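Enquirer: So I've got this file, work-v5.txt, and it contains compact mmCIF, C-alpha atoms and all ligand atoms:
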# COMPACT_ATOMS: atom_id res chain seq x y z
CA GLY A 1 100.92 77.40 113.55
CA GLY A 2 101.71 74.24 111.62
CA ASP A 3 104.23 72.96 114.12
CA GLU A 4 102.51 73.99 117.33
CA PHE A 5 99.63 72.38 119.08
CA ALA A 6 97.44 73.32 122.00
CA VAL A 7 96.00 70.94 124.55
CA LEU A 8 93.12 72.02 126.76
CA VAL A 9 92.90 70.13 130.03
CA CYS A 10 89.79 70.54 132.16
CA GLU A 11 89.18 69.85 135.83
CA LEU A 12 92.70 69.57 137.13
CA ARG A 13 93.31 68.52 140.72
CA ASP A 14 96.64 70.30 141.14
CA GLN A 15 99.79 71.51 139.38
CA GLN A 16 101.41 68.10 139.70
CA SER A 17 98.66 66.46 137.67
CA VAL A 18 99.23 68.88 134.78
CA ARG A 19 102.95 68.11 134.94
CA ASP A 20 102.15 64.40 134.80
CA ILE A 21 99.99 64.89 131.72
CA ALA A 22 102.70 66.94 130.01
CA GLU A 23 105.37 64.35 130.83
CA GLU A 24 103.13 61.63 129.45
CA LEU A 25 102.69 63.59 126.20
CA LEU A 26 106.45 64.04 125.89
CA GLY A 27 106.94 60.34 126.53
CA GLU A 28 104.50 59.41 123.76
CA LEU A 29 106.03 61.87 121.29
CA GLY A 30 109.53 60.65 122.13
CA ARG A 31 108.74 57.05 121.17
CA PRO A 32 109.94 56.12 117.68
CA HIS A 33 107.19 56.59 115.07
CA ALA A 34 107.19 54.71 111.80
CA VAL A 35 106.63 57.04 108.82
CA GLY A 36 106.82 55.00 105.65
CA GLU A 37 110.22 53.34 105.75
CA ALA A 38 111.67 55.80 108.21
CA GLU A 39 111.59 55.87 111.96
CA LEU A 40 111.17 59.30 113.51
CA GLN A 41 111.66 60.44 117.04
CA LEU A 42 110.12 63.77 117.98
CA ASP A 43 111.24 66.27 120.52
CA ALA A 44 108.87 68.86 121.96
CA SER A 45 108.71 71.62 124.53
CA ILE A 46 105.56 72.25 126.51
CA GLY A 47 104.50 75.47 128.20
CA VAL A 48 101.61 75.46 130.66
CA ALA A 49 99.31 78.27 131.72
CA LEU A 50 96.60 77.75 134.32
CA ALA A 51 93.19 79.38 134.57
CA PRO A 52 92.19 81.48 136.37
CA MET A 53 95.63 82.08 137.98
CA HIS A 54 97.48 83.10 134.81
CA GLY A 55 94.59 84.47 132.83
CA ASP A 56 90.85 84.26 132.54
CA ASN A 57 90.52 84.33 128.76
CA GLY A 58 91.86 82.32 125.84
CA VAL A 59 94.17 85.00 124.48
CA ALA A 60 95.92 85.63 127.80
CA LEU A 61 96.28 81.93 128.49
CA LEU A 62 97.76 81.19 125.07
CA GLN A 63 100.22 84.07 125.40
CA ARG A 64 101.40 82.85 128.77
CA ALA A 65 101.59 79.25 127.63
CA ASP A 66 103.77 80.53 124.78
CA ILE A 67 106.12 82.34 127.19
CA ALA A 68 106.31 79.20 129.34
CA MET A 69 107.08 77.16 126.23
CA GLU A 70 109.89 79.51 125.35
CA ALA A 71 111.27 79.05 128.89
CA ALA A 72 111.03 75.27 128.44
CA LYS A 73 113.00 75.50 125.19
CA ASP A 74 115.65 77.64 126.85
CA ALA A 75 116.01 75.39 129.84
CA ARG A 76 115.69 72.25 127.71
CA SER A 77 113.49 71.06 130.51
CA GLY A 78 110.63 69.68 128.45
CA VAL A 79 107.88 71.24 130.56
CA GLU A 80 107.56 74.63 132.25
CA ILE A 81 104.61 76.15 134.06
CA TYR A 82 104.18 79.90 133.54
CA ASP A 83 105.87 81.82 136.32
CA PRO A 84 104.69 85.43 136.56
CA SER A 85 107.51 86.35 138.94
CA ARG A 86 110.28 85.68 136.42
CA GLY A 87 108.02 85.46 133.40
CA THR A 88 108.86 88.72 131.76
CA HIS A 89 111.19 90.64 134.00
CA ASP A 90 114.42 88.71 134.00
CA GLY A 91 115.98 90.94 131.36
CA SER A 92 116.26 88.01 128.97
CA HIS A 93 114.61 87.70 125.62
CA LEU A 94 111.42 86.50 127.33
CA GLU A 95 110.89 90.10 128.24
CA LEU A 96 111.50 91.18 124.67
CA LEU A 97 109.06 88.53 123.51
CA ALA A 98 106.31 89.84 125.78
CA ASP A 99 107.02 93.42 124.65
CA LEU A 100 106.92 92.39 121.00
CA ARG A 101 103.54 90.81 121.50
CA ARG A 102 102.26 94.12 122.81
CA ALA A 103 104.01 96.00 120.02
CA ILE A 104 102.01 94.15 117.36
CA ASP A 105 98.78 95.52 118.80
CA GLY A 106 100.27 98.91 119.62
CA ASP A 107 102.00 101.49 117.48
CA GLU A 108 105.68 100.67 117.96
CA LEU A 109 106.10 98.74 114.73
CA SER A 110 106.52 100.22 111.29
CA VAL A 111 107.71 99.23 107.84
CA VAL A 112 110.41 100.98 105.82
CA TYR A 113 111.02 100.47 102.13
CA GLN A 114 114.30 100.13 100.26
CA PRO A 115 114.17 100.41 96.46
CA LYS A 116 116.14 98.28 94.03
CA ALA A 117 117.04 99.27 90.48
CA ASN A 118 118.38 98.01 87.21
CA LEU A 119 122.19 98.19 87.50
CA ARG A 120 122.68 99.71 84.05
CA THR A 121 119.63 101.89 83.41
CA LEU A 122 118.88 102.69 87.08
CA ASP A 123 115.18 102.05 86.43
CA VAL A 124 113.52 101.35 89.78
CA ARG A 125 112.19 97.80 89.84
CA GLY A 126 110.45 97.56 93.19
CA ALA A 127 111.20 97.90 96.88
CA GLU A 128 111.79 95.63 99.85
CA ALA A 129 109.71 96.05 103.01
CA LEU A 130 111.81 95.93 106.19
CA LEU A 131 110.31 95.81 109.66
CA ARG A 132 111.25 98.40 112.28
CA TRP A 133 110.54 98.35 116.01
CA GLU A 134 110.76 101.52 118.08
CA HIS A 135 110.59 100.16 121.63
CA ALA A 136 109.13 102.57 124.22
CA THR A 137 112.12 102.32 126.56
CA ARG A 138 114.88 100.48 124.68
CA GLY A 139 114.64 102.60 121.54
CA ARG A 140 115.14 101.00 118.16
CA VAL A 141 115.53 97.22 118.30
CA PRO A 142 117.11 95.79 115.11
CA PRO A 143 115.19 93.05 113.27
CA GLY A 144 118.15 90.76 113.71
CA ASP A 145 117.52 90.91 117.48
CA PHE A 146 113.80 90.26 117.61
CA ILE A 147 112.88 88.28 114.50
CA PRO A 148 114.85 85.19 115.56
CA ILE A 149 113.04 85.32 118.93
CA ALA A 150 109.62 85.62 117.29
CA GLU A 151 110.68 82.81 114.99
CA ARG A 152 111.15 80.50 117.98
CA THR A 153 107.53 80.87 119.02
CA GLY A 154 104.29 81.18 117.11
CA LEU A 155 104.59 84.95 117.32
CA ILE A 156 106.29 85.06 113.93
CA HIS A 157 102.94 84.27 112.30
CA ALA A 158 101.28 87.36 113.78
CA LEU A 159 104.33 89.44 112.90
CA THR A 160 104.37 88.33 109.26
CA ARG A 161 100.65 88.96 108.94
CA TRP A 162 101.13 92.44 110.38
CA VAL A 163 103.83 93.25 107.84
CA LEU A 164 101.81 91.85 104.94
CA ARG A 165 98.73 93.83 105.94
CA THR A 166 100.71 97.04 106.39
CA VAL A 167 102.40 96.65 103.00
CA VAL A 168 99.28 95.74 101.03
CA THR A 169 97.33 98.60 102.65
CA GLN A 170 100.14 100.96 101.66
CA GLN A 171 100.11 99.62 98.10
CA GLN A 172 96.38 100.25 97.88
CA GLN A 173 96.97 103.89 98.86
CA TRP A 174 99.79 104.24 96.36
CA ARG A 175 97.66 102.77 93.61
CA ALA A 176 94.94 105.31 94.31
CA ARG A 177 97.57 107.93 93.46
CA GLY A 178 98.70 106.13 90.33
CA LEU A 179 101.77 104.41 91.76
CA ASP A 180 102.03 100.66 91.05
CA LEU A 181 105.08 99.48 92.93
CA GLU A 182 106.13 95.89 93.47
CA VAL A 183 107.00 95.30 97.12
CA ALA A 184 108.89 92.33 98.53
CA VAL A 185 108.09 91.00 102.02
CA ASN A 186 110.49 88.73 103.91
CA LEU A 187 109.12 85.40 105.10
CA SER A 188 110.60 83.43 107.98
CA PRO A 189 111.23 79.70 107.71
CA ARG A 190 108.32 79.03 110.09
CA ASN A 191 105.91 80.83 107.74
CA LEU A 192 106.45 78.04 105.24
CA LEU A 193 105.03 75.50 107.67
CA ASP A 194 101.80 77.48 107.86
CA GLY A 195 99.30 75.96 105.46
CA ALA A 196 96.83 78.81 106.05
CA LEU A 197 99.19 81.46 104.67
CA PRO A 198 98.33 81.27 100.92
CA ASP A 199 94.58 81.67 101.50
CA GLU A 200 95.18 84.54 103.89
CA VAL A 201 97.44 86.34 101.46
CA ALA A 202 94.90 85.83 98.68
CA ALA A 203 92.13 87.28 100.86
CA LEU A 204 94.31 90.24 101.84
CA LEU A 205 95.07 91.09 98.21
CA ARG A 206 91.41 90.77 97.28
CA GLU A 207 90.32 92.94 100.19
CA HIS A 208 92.65 95.75 99.11
CA ARG A 209 92.25 95.16 95.37
CA VAL A 210 96.00 94.85 94.93
CA PRO A 211 97.04 92.54 92.06
CA ALA A 212 99.21 89.58 93.10
CA ARG A 213 101.90 90.58 90.60
CA LEU A 214 102.75 93.54 92.87
CA LEU A 215 103.63 91.27 95.77
CA ARG A 216 106.93 89.42 96.04
CA LEU A 217 107.95 87.14 98.88
CA GLU A 218 111.57 86.55 99.88
CA ILE A 219 112.54 83.23 101.42
CA THR A 220 115.90 81.98 102.61
CA GLU A 221 117.44 78.62 101.95
CA SER A 222 116.87 77.59 105.56
CA SER A 223 113.10 77.71 104.92
CA LEU A 224 113.40 74.38 103.20
CA ILE A 225 115.22 72.46 105.88
CA VAL A 226 112.52 71.48 108.37
CA ASP A 227 109.83 70.18 106.04
CA PRO A 228 110.79 70.68 102.38
CA GLY A 229 107.70 68.91 101.04
CA ARG A 230 105.30 71.16 102.89
CA ALA A 231 107.32 74.31 102.18
CA GLU A 232 107.37 73.53 98.46
CA ALA A 233 103.61 72.93 98.41
CA ILE A 234 102.96 76.27 100.13
CA LEU A 235 105.34 78.08 97.75
CA ALA A 236 103.61 76.48 94.76
CA GLU A 237 100.27 77.73 96.07
CA LEU A 238 101.59 81.28 96.55
CA HIS A 239 103.14 81.20 93.10
CA GLY A 240 99.82 79.95 91.72
CA LEU A 241 98.16 83.10 93.02
CA GLY A 242 100.48 85.14 90.82
CA ILE A 243 102.90 86.19 93.57
CA SER A 244 106.61 86.32 92.71
CA LEU A 245 109.20 84.53 94.81
CA SER A 246 112.84 85.30 95.54
CA ILE A 247 115.66 83.50 97.28
CA ASP A 248 117.24 85.88 99.80
CA ASP A 249 120.81 85.80 101.13
CA PHE A 250 121.76 83.47 98.30
CA GLY A 251 124.99 81.59 98.88
CA THR A 252 124.93 81.54 102.68
CA GLY A 253 122.81 78.43 103.26
CA TYR A 254 123.44 74.77 102.92
CA SER A 255 120.66 73.61 100.64
CA SER A 256 121.35 71.78 97.42
CA LEU A 257 121.36 73.97 94.35
CA ALA A 258 119.27 71.45 92.43
CA HIS A 259 116.66 71.55 95.15
CA LEU A 260 116.57 75.35 95.29
CA LEU A 261 116.24 75.81 91.59
CA ARG A 262 113.28 73.47 91.36
CA LEU A 263 111.28 76.09 93.24
CA PRO A 264 109.15 78.57 91.26
CA VAL A 265 111.52 81.49 91.97
CA ASP A 266 112.33 84.22 89.46
CA GLU A 267 114.92 86.16 91.46
CA ILE A 268 117.99 85.32 93.50
CA LYS A 269 119.48 87.93 95.80
CA VAL A 270 123.23 87.56 96.21
CA ASP A 271 124.09 88.00 99.88
CA ARG A 272 125.70 91.23 100.99
CA SER A 273 128.77 89.37 102.29
CA PHE A 274 129.77 88.51 98.71
CA VAL A 275 128.89 91.93 97.33
CA SER A 276 130.90 93.89 99.88
CA GLY A 277 134.04 91.90 99.10
CA LEU A 278 133.59 92.10 95.38
CA LEU A 279 136.37 94.57 94.60
CA ALA A 280 138.83 93.31 97.18
CA ARG A 281 138.72 89.53 96.82
CA ARG A 282 138.78 87.33 93.75
CA SER A 283 136.78 84.55 95.40
CA GLU A 284 133.83 86.89 96.00
CA ALA A 285 133.92 88.10 92.42
CA ALA A 286 133.94 84.48 91.26
CA ILE A 287 130.84 83.68 93.31
CA VAL A 288 128.98 86.68 91.94
CA GLU A 289 130.02 85.85 88.38
CA ALA A 290 128.95 82.24 88.75
CA THR A 291 125.58 83.31 90.15
CA VAL A 292 125.05 85.76 87.29
CA ASP A 293 125.84 82.99 84.84
CA LEU A 294 123.47 80.60 86.60
CA GLY A 295 120.70 83.19 86.58
CA ARG A 296 121.16 83.89 82.91
CA ARG A 297 121.01 80.22 81.96
CA LEU A 298 117.87 79.67 84.02
CA GLY A 299 116.14 82.91 83.14
CA ILE A 300 116.25 84.10 86.76
CA THR A 301 116.92 87.72 87.75
CA VAL A 302 120.07 88.18 89.82
CA THR A 303 120.00 91.02 92.36
CA ALA A 304 122.96 92.20 94.41
CA GLU A 305 122.17 93.15 98.02
CA GLY A 306 124.01 95.72 100.11
CA VAL A 307 125.75 97.75 97.39
CA GLU A 308 127.34 100.61 99.30
CA ASP A 309 129.43 102.47 96.74
CA LEU A 310 129.56 103.48 93.12
CA ALA A 311 132.63 101.38 92.31
CA THR A 312 130.88 98.19 93.44
CA TRP A 313 127.67 99.21 91.62
CA ALA A 314 129.62 99.73 88.38
CA LYS A 315 131.52 96.44 88.79
CA LEU A 316 128.25 94.54 89.27
CA ALA A 317 126.85 96.15 86.13
CA GLU A 318 129.99 95.12 84.25
CA LEU A 319 129.64 91.53 85.51
CA GLY A 320 126.14 91.38 84.03
CA CYS A 321 124.24 91.32 87.30
CA ASP A 322 120.64 92.54 86.74
CA LEU A 323 119.52 94.57 89.76
CA GLY A 324 121.15 96.32 92.69
CA GLN A 325 119.92 97.31 96.13
CA GLY A 326 121.86 99.07 98.86
CA TYR A 327 122.83 102.28 100.60
CA TRP A 328 124.42 103.70 97.45
CA LEU A 329 121.07 103.78 95.68
CA ALA A 330 118.97 104.53 98.75
CA ARG A 331 118.67 103.67 102.42
CA PRO A 332 115.42 102.09 103.64
CA MET A 333 112.86 104.89 104.22
CA ASP A 334 109.26 105.33 105.26
CA ALA A 335 106.46 105.23 102.72
CA GLY A 336 106.18 109.00 102.36
CA ALA A 337 109.92 109.45 101.83
CA LEU A 338 109.96 106.67 99.24
CA GLU A 339 107.15 108.34 97.34
CA ARG A 340 109.08 111.62 97.24
CA TRP A 341 112.27 109.79 96.27
CA LEU A 342 110.51 108.06 93.39
CA GLU A 343 109.08 111.37 92.27
CA ASN A 344 112.58 112.90 92.26
CA VAL A 345 113.88 109.99 90.23
CA ARG A 346 111.03 110.40 87.76
CA THR A 347 111.50 114.08 87.23
CA GLY A 348 115.28 113.83 87.38
CA ARG A 349 115.60 116.70 89.80
CA ALA A 350 117.85 115.07 92.33
CA GLU A 351 121.48 115.99 92.45
CA SER A 352 123.15 112.90 93.82
CA THR A 353 125.94 110.38 93.89
CA ALA A 354 123.89 108.39 91.44
CA GLY A 355 123.81 111.50 89.29
CA ALA A 356 127.58 111.25 88.95
CA PHE A 357 127.04 107.86 87.37
CA GLY A 358 125.15 109.52 84.58
CA SER A 359 121.63 109.14 85.77
CA PRO A 360 119.12 111.14 87.76
CA VAL A 361 118.61 108.87 90.73
CA GLY A 362 118.29 110.68 94.01
CA ARG A 363 119.67 109.67 97.32
CA ALA A 364 117.41 109.65 100.37
P1 LIG B 1 117.45 91.03 104.38
O1 LIG B 1 116.11 90.58 103.97
O2 LIG B 1 118.62 90.43 103.68
O3 LIG B 1 117.43 92.61 104.24
C1 LIG B 1 118.51 93.40 103.85
C2 LIG B 1 119.19 94.03 105.04
O4 LIG B 1 120.36 94.73 104.60
C3 LIG B 1 118.33 95.09 105.73
O5 LIG B 1 118.68 95.08 107.11
C4 LIG B 1 118.83 96.38 105.10
O6 LIG B 1 118.59 97.52 105.89
C5 LIG B 1 120.30 96.09 105.00
N1 LIG B 1 120.97 96.86 103.94
C6 LIG B 1 120.47 97.30 102.79
N2 LIG B 1 121.39 97.94 102.05
C7 LIG B 1 122.55 97.89 102.76
C8 LIG B 1 123.88 98.37 102.53
O7 LIG B 1 124.21 98.98 101.51
N3 LIG B 1 124.81 98.11 103.51
C9 LIG B 1 124.49 97.43 104.66
N4 LIG B 1 125.46 97.26 105.55
N5 LIG B 1 123.24 96.98 104.90
C10 LIG B 1 122.28 97.19 103.97
P2 LIG B 1 117.59 95.09 108.27
O8 LIG B 1 116.45 95.98 107.88
O9 LIG B 1 118.30 95.34 109.55
O10 LIG B 1 117.04 93.62 108.27
C11 LIG B 1 117.87 92.55 108.58
C12 LIG B 1 117.20 91.23 108.28
O11 LIG B 1 116.05 91.06 109.14
C13 LIG B 1 116.66 91.13 106.86
O12 LIG B 1 117.68 90.78 105.97
C14 LIG B 1 115.61 90.04 107.04
O13 LIG B 1 116.23 88.78 107.04
C15 LIG B 1 115.10 90.33 108.43
N6 LIG B 1 113.83 91.09 108.30
C16 LIG B 1 113.62 92.42 108.19
N7 LIG B 1 112.31 92.71 108.11
C17 LIG B 1 111.65 91.52 108.16
C18 LIG B 1 110.26 91.11 108.15
O14 LIG B 1 109.33 91.91 107.99
N8 LIG B 1 110.01 89.77 108.27
C19 LIG B 1 111.01 88.85 108.40
N9 LIG B 1 110.66 87.55 108.53
N10 LIG B 1 112.30 89.18 108.40
C20 LIG B 1 112.63 90.49 108.30
MG MG B 2 115.20 90.28 102.24
MG MG B 3 119.25 89.44 102.27
Kindly present the structure from the file in structure tokens form.
Expert:
Amino acid sequence: GGDEFAVLVCELRDQQSVRDIAEELLGELGRPHAVGEAELQLDASIGVALAPMHGDNGVALLQRADIAMEAAKDARSGVEIYDPSRGTHDGSHLELLADLRRAIDGDELSVVYQPKANLRTLDVRGAEALLRWEHATRGRVPPGDFIPIAERTGLIHALTRWVLRTVVTQQQQWRARGLDLEVAVNLSPRNLLDGALPDEVAALLREHRVPARLLRLEITESSLIVDPGRAEAILAELHGLGISLSIDDFGTGYSSLAHLLRLPVDEIKVDRSFVSGLLARRSEAAIVEATVDLGRRLGITVTAEGVEDLATWAKLAELGCDLGQGYWLARPMDAGALERWLENVRTGRAESTAGAFGSPVGRA
């Protein structure tokens, strides 16, 4: 996973000897390392699973080692050995983590799509894929509750791959019916530490005969914090394939503007927090205006996220913002509903709030 490593230890005497080995590893990692001019000190968390007690195959052992690692991170204890008794039933997010792992292989996950459109002409310019989890007993779990947990372990890699595969498969089906729609997939910061990602995405597109220009990836500013050099190299590779890149939640991070704008991005998405305050507060309007100006000078599309009403939509159009996305245009919907929505837009049948704005965009 780029920042995760596995150690296989054979012929252990007892649990204490595996603890000793783990402590020794932590001790070695914690010593200052010279990297060029700099001195780095690393911090790690280790989770241990034992065979055959905790599993008799590689997959089960890795999953349990991952859960133990998560417990070690929580407890800041350095090392934890998998404990089946509290492992997944303490009501904490460890339980959610174990459920999510099962959900990826099961049928609890799905993707919904939210379109975005030109603010003036209302031409639809693509859609964003958003992950949904319908938990068997808890009901719908919002992405904001489970993605950060997946992000803390290697599970985010499997989750991202699942979303990418679902989206590209859907695009292949749409294309067979004559619909070429650009879809944006959200990446997590950890995905940009994963050097295998570009090749996998390329293979996925090839397998489904979907052109790279129909795939867009959204990254946030925080993706660049851990290892900017590696993240930039991976983004350059993805861009080289012909995939488009966007900066999501623009304005909420702490990265330097110069740094951000060196990336091969062609869209910035102004965070909802600025858009929702647009009509009420001058400071928000100033931020949106400045971003629009920046985008224009750099030839980058500026998209407003979370536009909930017509007045805000019209104000954004007046400010020169390019695209809008939000409940006013359409809520996120499943693939079938999006197809019908697009068809309504095309034939101009829909009577709608958007219709009041002088255009035939339907509301789902
Ligand atoms: P995001 O990428 O900024 O996505 C936009 C969020 O705003 C979505 O929330 C969407 O449903 C919501 N939204 C859209 N229009 C409006 C509006 O008019 N008003 C309001 N109040 N909200 C609006 P959602 O689907 O709950 O996703 C939340 C976040 O979770 C996303 O923010 C993204 O950061 C993350 N996420 C969702 N799906 C994925 C995924 O497949 N992978 C990763 N890594 N992250 C994901
Ligand atoms: Mg997004
Ligand atoms: Mg966003």
Enquirer: Nearest to ligand LIG 1 (chain B): which of A:Ala317, A:Leu214, A:Val183, A:Ala280 is it, counting all atoms listed in the file?
Expert: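 Between A:Ala317, A:Leu214, A:Val183, A:Ala280, the residue approaching ligand LIG 1 (chain B) most closely is A:Val183.
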Enquirer: Take the point (94.1, 75.4, 121.6) in the file's coordinates, draw a sphere of radius 9 Å around it, and report as a ChimeraX atom specification every protein, DNA or RNA residue with an atom inside or on it, counting all atoms listed in the file.
Expert: /A:5-8,58,62
Enquirer: Measuring atom to atom with all atoms listed in the file, identify which of A:Glu128, A:Glu221, A:Glu232, A:Glu134 is nearest to ligand LIG 1 (chain B).
Expert: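 Of A:Glu128, A:Glu221, A:Glu232, A:Glu134, the one nearest ligand LIG 1 (chain B) is A:Glu128, counting all atoms listed in the file.
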Enquirer: Would you mind telling me which residue in A:Leu97, A:Val270, A:Leu245, A:Leu215 lies nearest to ligand MG 3 (chain B) when using all atoms listed in the file?
Expert: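 Ranking A:Leu97, A:Val270, A:Leu245, A:Leu215 by distance to ligand MG 3 (chain B), first place goes to A:Val270.
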Enquirer: Would you list the contacts of Asn186 in chain A as a PyMOL selection string, taking every protein, DNA or RNA residue within 8 Å and counting all atoms listed in the file, but skipping same-chain residues closer than 3 positions in sequence?
Expert: chain A and resi 129-130+217-219
Enquirer: Once you count only C-alpha atoms and all ligand atoms, what closest atom pair and distance in Å to one decimal does each residue of chain A within 12 Å of ligand MG 2 (chain B) have, with rows by chain and rising residue number, as CSV?
Expert:
residue,atom,partner,partner_atom,distance
A:Tyr113,CA,B:MG2,MG,11.0
A:Gln114,CA,B:MG2,MG,10.1
A:Pro115,CA,B:MG2,MG,11.7
A:Lys116,CA,B:MG2,MG,11.5
A:Ala127,CA,B:MG2,MG,10.1
A:Glu128,CA,B:MG2,MG,6.8
A:Ala129,CA,B:MG2,MG,8.0
A:Leu130,CA,B:MG2,MG,7.7
A:Leu131,CA,B:MG2,MG,10.5
A:Pro143,CA,B:MG2,MG,11.4
A:Gly144,CA,B:MG2,MG,11.9
A:Val183,CA,B:MG2,MG,10.9
A:Ala184,CA,B:MG2,MG,7.6
A:Val185,CA,B:MG2,MG,7.1
A:Asn186,CA,B:MG2,MG,5.2
A:Leu187,CA,B:MG2,MG,8.3
A:Ser188,CA,B:MG2,MG,10.1
A:Arg216,CA,B:MG2,MG,10.4
A:Leu217,CA,B:MG2,MG,8.6
A:Glu218,CA,B:MG2,MG,5.7
A:Ile219,CA,B:MG2,MG,7.6
A:Thr220,CA,B:MG2,MG,8.3
A:Glu221,CA,B:MG2,MG,11.9
A:Leu245,CA,B:MG2,MG,11.1
A:Ser246,CA,B:MG2,MG,8.7
A:Ile247,CA,B:MG2,MG,8.4
A:Asp248,CA,B:MG2,MG,5.4
A:Asp249,CA,B:MG2,MG,7.3
A:Phe250,CA,B:MG2,MG,10.2
A:Glu267,CA,B:MG2,MG,11.5
A:Ile268,CA,B:MG2,MG,10.4
A:Lys269,CA,B:MG2,MG,8.1
A:Val270,CA,B:MG2,MG,10.4
A:Asp271,CA,B:MG2,MG,9.5
A:Arg272,CA,B:MG2,MG,10.6
A:Thr303,CA,B:MG2,MG,11.0
A:Ala304,CA,B:MG2,MG,11.2
A:Glu305,CA,B:MG2,MG,8.6
A:Gly306,CA,B:MG2,MG,10.6
A:Gln325,CA,B:MG2,MG,10.4
A:Gly326,CA,B:MG2,MG,11.5
A:Pro332,CA,B:MG2,MG,11.9
Enquirer: In terms of the shortest atom-to-atom distance over only C-alpha atoms and all ligand atoms, which of A:Leu238, A:Gly251, A:Gly295, A:Arg331 is closest to ligand MG 3 (chain B)?
Expert: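 Among A:Leu238, A:Gly251, A:Gly295, A:Arg331, it is A:Gly251 that comes nearest to ligand MG 3 (chain B).
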Enquirer: State, in Å with one decimal place, the distance from CA of Val168 in chain A to CA of Asp107 in chain A.
Expert: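 Computed distance, CA of Val168 in chain A to CA of Asp107 in chain A, equals 17.6 Å.
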Enquirer: So the first atom is CA of Gly55 in chain A and the second is CA of Asp145 in chain A; what is the distance between them in Å, to one decimal place?
Expert: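 Atom-to-atom, CA of Gly55 in chain A to CA of Asp145 in chain A, that is 28.3 Å.
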Enquirer: Mind giving me the axis-aligned box for ligand LIG 1 (chain B) with 8 Å on every side, centre plus edges in Å to one decimal, as AutoDock Vina command-line options?
Expert:
--center_x 117.4 --center_y 93.3 --center_z 105.5 --size_x 32.1 --size_y 27.4 --size_z 24.0
Enquirer: Counting only C-alpha atoms and all ligand atoms, which residue out of A:Ser273, A:Ala311, A:Leu298, A:Asp322 sits closest to ligand MG 3 (chain B)?
Expert: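 Smallest separation from ligand MG 3 (chain B) among the options: A:Ser273.
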Enquirer: Tell me, as a PyMOL selection string, which residues lie within 12 Å of Ala337 in chain A, counting all atoms listed in the file; anything in the same chain fewer than 3 positions away does not count.
Expert: chain A and resi 112-115+330-334+340-344+362-364
Enquirer: Contacts of Leu40 in chain A at 12 Å or less, counting only C-alpha atoms, minus same-chain residues fewer than 4 places along, as a list in words?
Expert: Leu29, Gly30, Arg31, Pro32, His33, Ala34, Val35 and Gly36 of chain A
